[in-house]
Amino acid sequence: MIVCSCNVLSDHDVRHAVNSADDLPRSAKQLYGCLGCSAECGRCARTIKGIIDEALGACALACQAGCPHSHGGGAVSPVETEFALAAS
């Protein structure tokens, strides 16, 4: 299923990027960086974030509490929060 029509990204592309990235993406912005593209309209950010969390499974919740995979000790930066809100 295509989740980002601007960059023609499928849910499979998102899951593959999460599973193969050395530095696990936690947001749509980070995922775009892994895939070498950038957000255009932002309407897909919430869907991509849901797929990322699903692909990470239990680690997604643990990383929010500060596991070694998290970026910045598990804290969500204000920029990532603003991006997610702007995309809704």
# chains A, B, ... in the order shown; residues from 1 in each chain; ligands from 1

$ residues_around --residues "A:Ala21" --least-positions-apart "5" --cutoff "12 Å" --atoms "only C-alpha atoms" --output "mmCIF file with N, CA and C atoms, in the first residue's frame"
data_model
loop_
_atom_site.group_PDB
_atom_site.id
_atom_site.type_symbol
_atom_site.label_atom_id
_atom_site.label_comp_id
_atom_site.auth_asym_id
_atom_site.auth_seq_id
_atom_site.Cartn_x
_atom_site.Cartn_y
_atom_site.Cartn_z
ATOM 1 N N ASP A 13 8.256 -0.307 2.025
ATOM 2 C CA ASP A 13 9.464 0.530 2.005
ATOM 3 C C ASP A 13 9.783 1.041 3.406
ATOM 4 N N VAL A 14 8.748 1.461 4.131
ATOM 5 C CA VAL A 14 8.923 1.984 5.488
ATOM 6 C C VAL A 14 9.436 0.880 6.407
ATOM 7 N N ARG A 15 8.802 -0.280 6.376
ATOM 8 C CA ARG A 15 9.231 -1.395 7.234
ATOM 9 C C ARG A 15 10.662 -1.839 6.907
ATOM 10 N N HIS A 16 10.984 -1.901 5.628
ATOM 11 C CA HIS A 16 12.329 -2.303 5.220
ATOM 12 C C HIS A 16 13.371 -1.302 5.726
ATOM 13 N N ARG A 26 12.885 7.052 14.159
ATOM 14 C CA ARG A 26 11.790 7.146 15.121
ATOM 15 C C ARG A 26 10.687 8.088 14.650
ATOM 16 N N GLN A 30 13.058 11.330 10.115
ATOM 17 C CA GLN A 30 14.231 10.462 10.158
ATOM 18 C C GLN A 30 14.126 9.362 9.099
ATOM 19 N N LEU A 31 12.933 8.840 8.903
ATOM 20 C CA LEU A 31 12.741 7.799 7.903
ATOM 21 C C LEU A 31 13.022 8.333 6.503
ATOM 22 N N TYR A 32 12.536 9.537 6.208
ATOM 23 C CA TYR A 32 12.826 10.136 4.906
ATOM 24 C C TYR A 32 14.322 10.248 4.699
ATOM 25 N N GLY A 33 15.053 10.630 5.752
ATOM 26 C CA GLY A 33 16.505 10.715 5.657
ATOM 27 C C GLY A 33 17.128 9.375 5.314
ATOM 28 N N CYS A 34 16.627 8.305 5.937
ATOM 29 C CA CYS A 34 17.129 6.955 5.639
ATOM 30 C C CYS A 34 16.882 6.578 4.185
ATOM 31 N N LEU A 35 15.782 7.047 3.634
ATOM 32 C CA LEU A 35 15.406 6.687 2.266
ATOM 33 C C LEU A 35 15.924 7.677 1.226
ATOM 34 N N ILE A 52 6.249 2.758 11.669
ATOM 35 C CA ILE A 52 7.540 2.654 12.359
ATOM 36 C C ILE A 52 7.345 2.004 13.721
ATOM 37 N N LEU A 56 8.828 -1.653 14.909
ATOM 38 C CA LEU A 56 9.751 -1.774 16.039
ATOM 39 C C LEU A 56 9.181 -2.632 17.157
ATOM 40 N N HIS A 69 18.661 2.179 21.820
ATOM 41 C CA HIS A 69 18.353 2.503 20.421
ATOM 42 C C HIS A 69 17.810 3.906 20.238
#

$ closest_residue --among "A:Cys44, A:Met1, A:Val8, A:Asp53" --to "A:Lys29" --atoms "only C-alpha atoms"
A:Cys44

$ closest_residue --among "A:Ile48, A:Ala39, A:Val18, A:Ala55" --to "A:Cys6" --atoms "only C-alpha atoms"
A:Ala39

$ atom_distance --atom1 "atom CA of A:Asn19" --atom2 "atom CA of A:Gly42"
22.4 Å

$ atom_distance --atom1 "atom CA of A:Cys4" --atom2 "atom CA of A:Arg43"
7.9 Å

$ residues_around --residues "A:Asn7" --least-positions-apart "2" --cutoff "9 Å" --atoms "only C-alpha atoms" --output "VMD selection string"
chain A and resid 4 to 5 9 37 to 40

$ write_last_selection --atoms "C-alpha atoms" --output "PDB file, in the first residue's frame"
ATOM      1  CA  CYS A   4       3.376   8.607   0.782  1.00  0.00           C
ATOM      2  CA  SER A   5       2.126   9.564  -2.646  1.00  0.00           C
ATOM      3  CA  LEU A   9       6.681   5.111  -0.617  1.00  0.00           C
ATOM      4  CA  CYS A  37      14.102  11.821   0.243  1.00  0.00           C
ATOM      5  CA  SER A  38      12.237  14.515   2.142  1.00  0.00           C
ATOM      6  CA  ALA A  39       8.710  15.267   3.239  1.00  0.00           C
ATOM      7  CA  GLU A  40       6.677  17.175   0.717  1.00  0.00           C
TER       8      GLU A  40
END

$ closest_residue --among "A:Ala45, A:Gly57, A:Asp11, A:Ile51" --to "A:Ala28" --atoms "only C-alpha atoms"
A:Ala45

$ decode --residues "stretch 7-25 of chain A" --atoms "N, CA and C atoms" --output "PDB file, in the first residue's frame"
ATOM      1  N   ASN A   7       6.325  10.888  -2.501  1.00  0.00           N
ATOM      2  CA  ASN A   7       7.590  10.189  -2.741  1.00  0.00           C
ATOM      3  C   ASN A   7       7.385   8.745  -3.203  1.00  0.00           C
ATOM      4  N   VAL A   8       6.150   8.348  -3.393  1.00  0.00           N
ATOM      5  CA  VAL A   8       5.755   7.002  -3.799  1.00  0.00           C
ATOM      6  C   VAL A   8       6.441   5.956  -2.906  1.00  0.00           C
ATOM      7  N   LEU A   9       6.155   6.057  -1.598  1.00  0.00           N
ATOM      8  CA  LEU A   9       6.681   5.111  -0.617  1.00  0.00           C
ATOM      9  C   LEU A   9       5.559   4.193  -0.161  1.00  0.00           C
ATOM     10  N   SER A  10       5.865   2.923  -0.103  1.00  0.00           N
ATOM     11  CA  SER A  10       4.879   1.951   0.361  1.00  0.00           C
ATOM     12  C   SER A  10       5.132   1.616   1.821  1.00  0.00           C
ATOM     13  N   ASP A  11       4.169   0.942   2.433  1.00  0.00           N
ATOM     14  CA  ASP A  11       4.360   0.480   3.812  1.00  0.00           C
ATOM     15  C   ASP A  11       5.528  -0.497   3.868  1.00  0.00           C
ATOM     16  N   HIS A  12       5.729  -1.268   2.807  1.00  0.00           N
ATOM     17  CA  HIS A  12       6.863  -2.191   2.740  1.00  0.00           C
ATOM     18  C   HIS A  12       8.185  -1.410   2.757  1.00  0.00           C
ATOM     19  N   ASP A  13       8.256  -0.307   2.025  1.00  0.00           N
ATOM     20  CA  ASP A  13       9.464   0.530   2.005  1.00  0.00           C
ATOM     21  C   ASP A  13       9.783   1.041   3.406  1.00  0.00           C
ATOM     22  N   VAL A  14       8.748   1.461   4.131  1.00  0.00           N
ATOM     23  CA  VAL A  14       8.923   1.984   5.488  1.00  0.00           C
ATOM     24  C   VAL A  14       9.436   0.880   6.407  1.00  0.00           C
ATOM     25  N   ARG A  15       8.802  -0.280   6.376  1.00  0.00           N
ATOM     26  CA  ARG A  15       9.231  -1.395   7.234  1.00  0.00           C
ATOM     27  C   ARG A  15      10.662  -1.839   6.907  1.00  0.00           C
ATOM     28  N   HIS A  16      10.984  -1.901   5.628  1.00  0.00           N
ATOM     29  CA  HIS A  16      12.329  -2.303   5.220  1.00  0.00           C
ATOM     30  C   HIS A  16      13.371  -1.302   5.726  1.00  0.00           C
ATOM     31  N   ALA A  17      13.077  -0.010   5.625  1.00  0.00           N
ATOM     32  CA  ALA A  17      14.010   1.012   6.104  1.00  0.00           C
ATOM     33  C   ALA A  17      14.220   0.898   7.603  1.00  0.00           C
ATOM     34  N   VAL A  18      13.149   0.640   8.344  1.00  0.00           N
ATOM     35  CA  VAL A  18      13.259   0.495   9.802  1.00  0.00           C
ATOM     36  C   VAL A  18      14.097  -0.726  10.146  1.00  0.00           C
ATOM     37  N   ASN A  19      13.850  -1.828   9.468  1.00  0.00           N
ATOM     38  CA  ASN A  19      14.549  -3.080   9.780  1.00  0.00           C
ATOM     39  C   ASN A  19      15.996  -3.113   9.319  1.00  0.00           C
ATOM     40  N   SER A  20      16.360  -2.289   8.339  1.00  0.00           N
ATOM     41  CA  SER A  20      17.719  -2.349   7.807  1.00  0.00           C
ATOM     42  C   SER A  20      18.589  -1.153   8.184  1.00  0.00           C
ATOM     43  N   ALA A  21      18.021  -0.153   8.827  1.00  0.00           N
ATOM     44  CA  ALA A  21      18.793   1.046   9.170  1.00  0.00           C
ATOM     45  C   ALA A  21      19.719   0.792  10.356  1.00  0.00           C
ATOM     46  N   ASP A  22      20.936   1.329  10.277  1.00  0.00           N
ATOM     47  CA  ASP A  22      21.871   1.234  11.394  1.00  0.00           C
ATOM     48  C   ASP A  22      21.409   2.126  12.548  1.00  0.00           C
ATOM     49  N   ASP A  23      20.902   3.302  12.199  1.00  0.00           N
ATOM     50  CA  ASP A  23      20.416   4.263  13.185  1.00  0.00           C
ATOM     51  C   ASP A  23      18.895   4.291  13.055  1.00  0.00           C
ATOM     52  N   LEU A  24      18.206   3.549  13.920  1.00  0.00           N
ATOM     53  CA  LEU A  24      16.765   3.334  13.782  1.00  0.00           C
ATOM     54  C   LEU A  24      15.978   4.635  13.709  1.00  0.00           C
ATOM     55  N   PRO A  25      15.200   4.805  12.644  1.00  0.00           N
ATOM     56  CA  PRO A  25      14.362   6.002  12.537  1.00  0.00           C
ATOM     57  C   PRO A  25      13.199   5.938  13.523  1.00  0.00           C
TER      58      PRO A  25
END
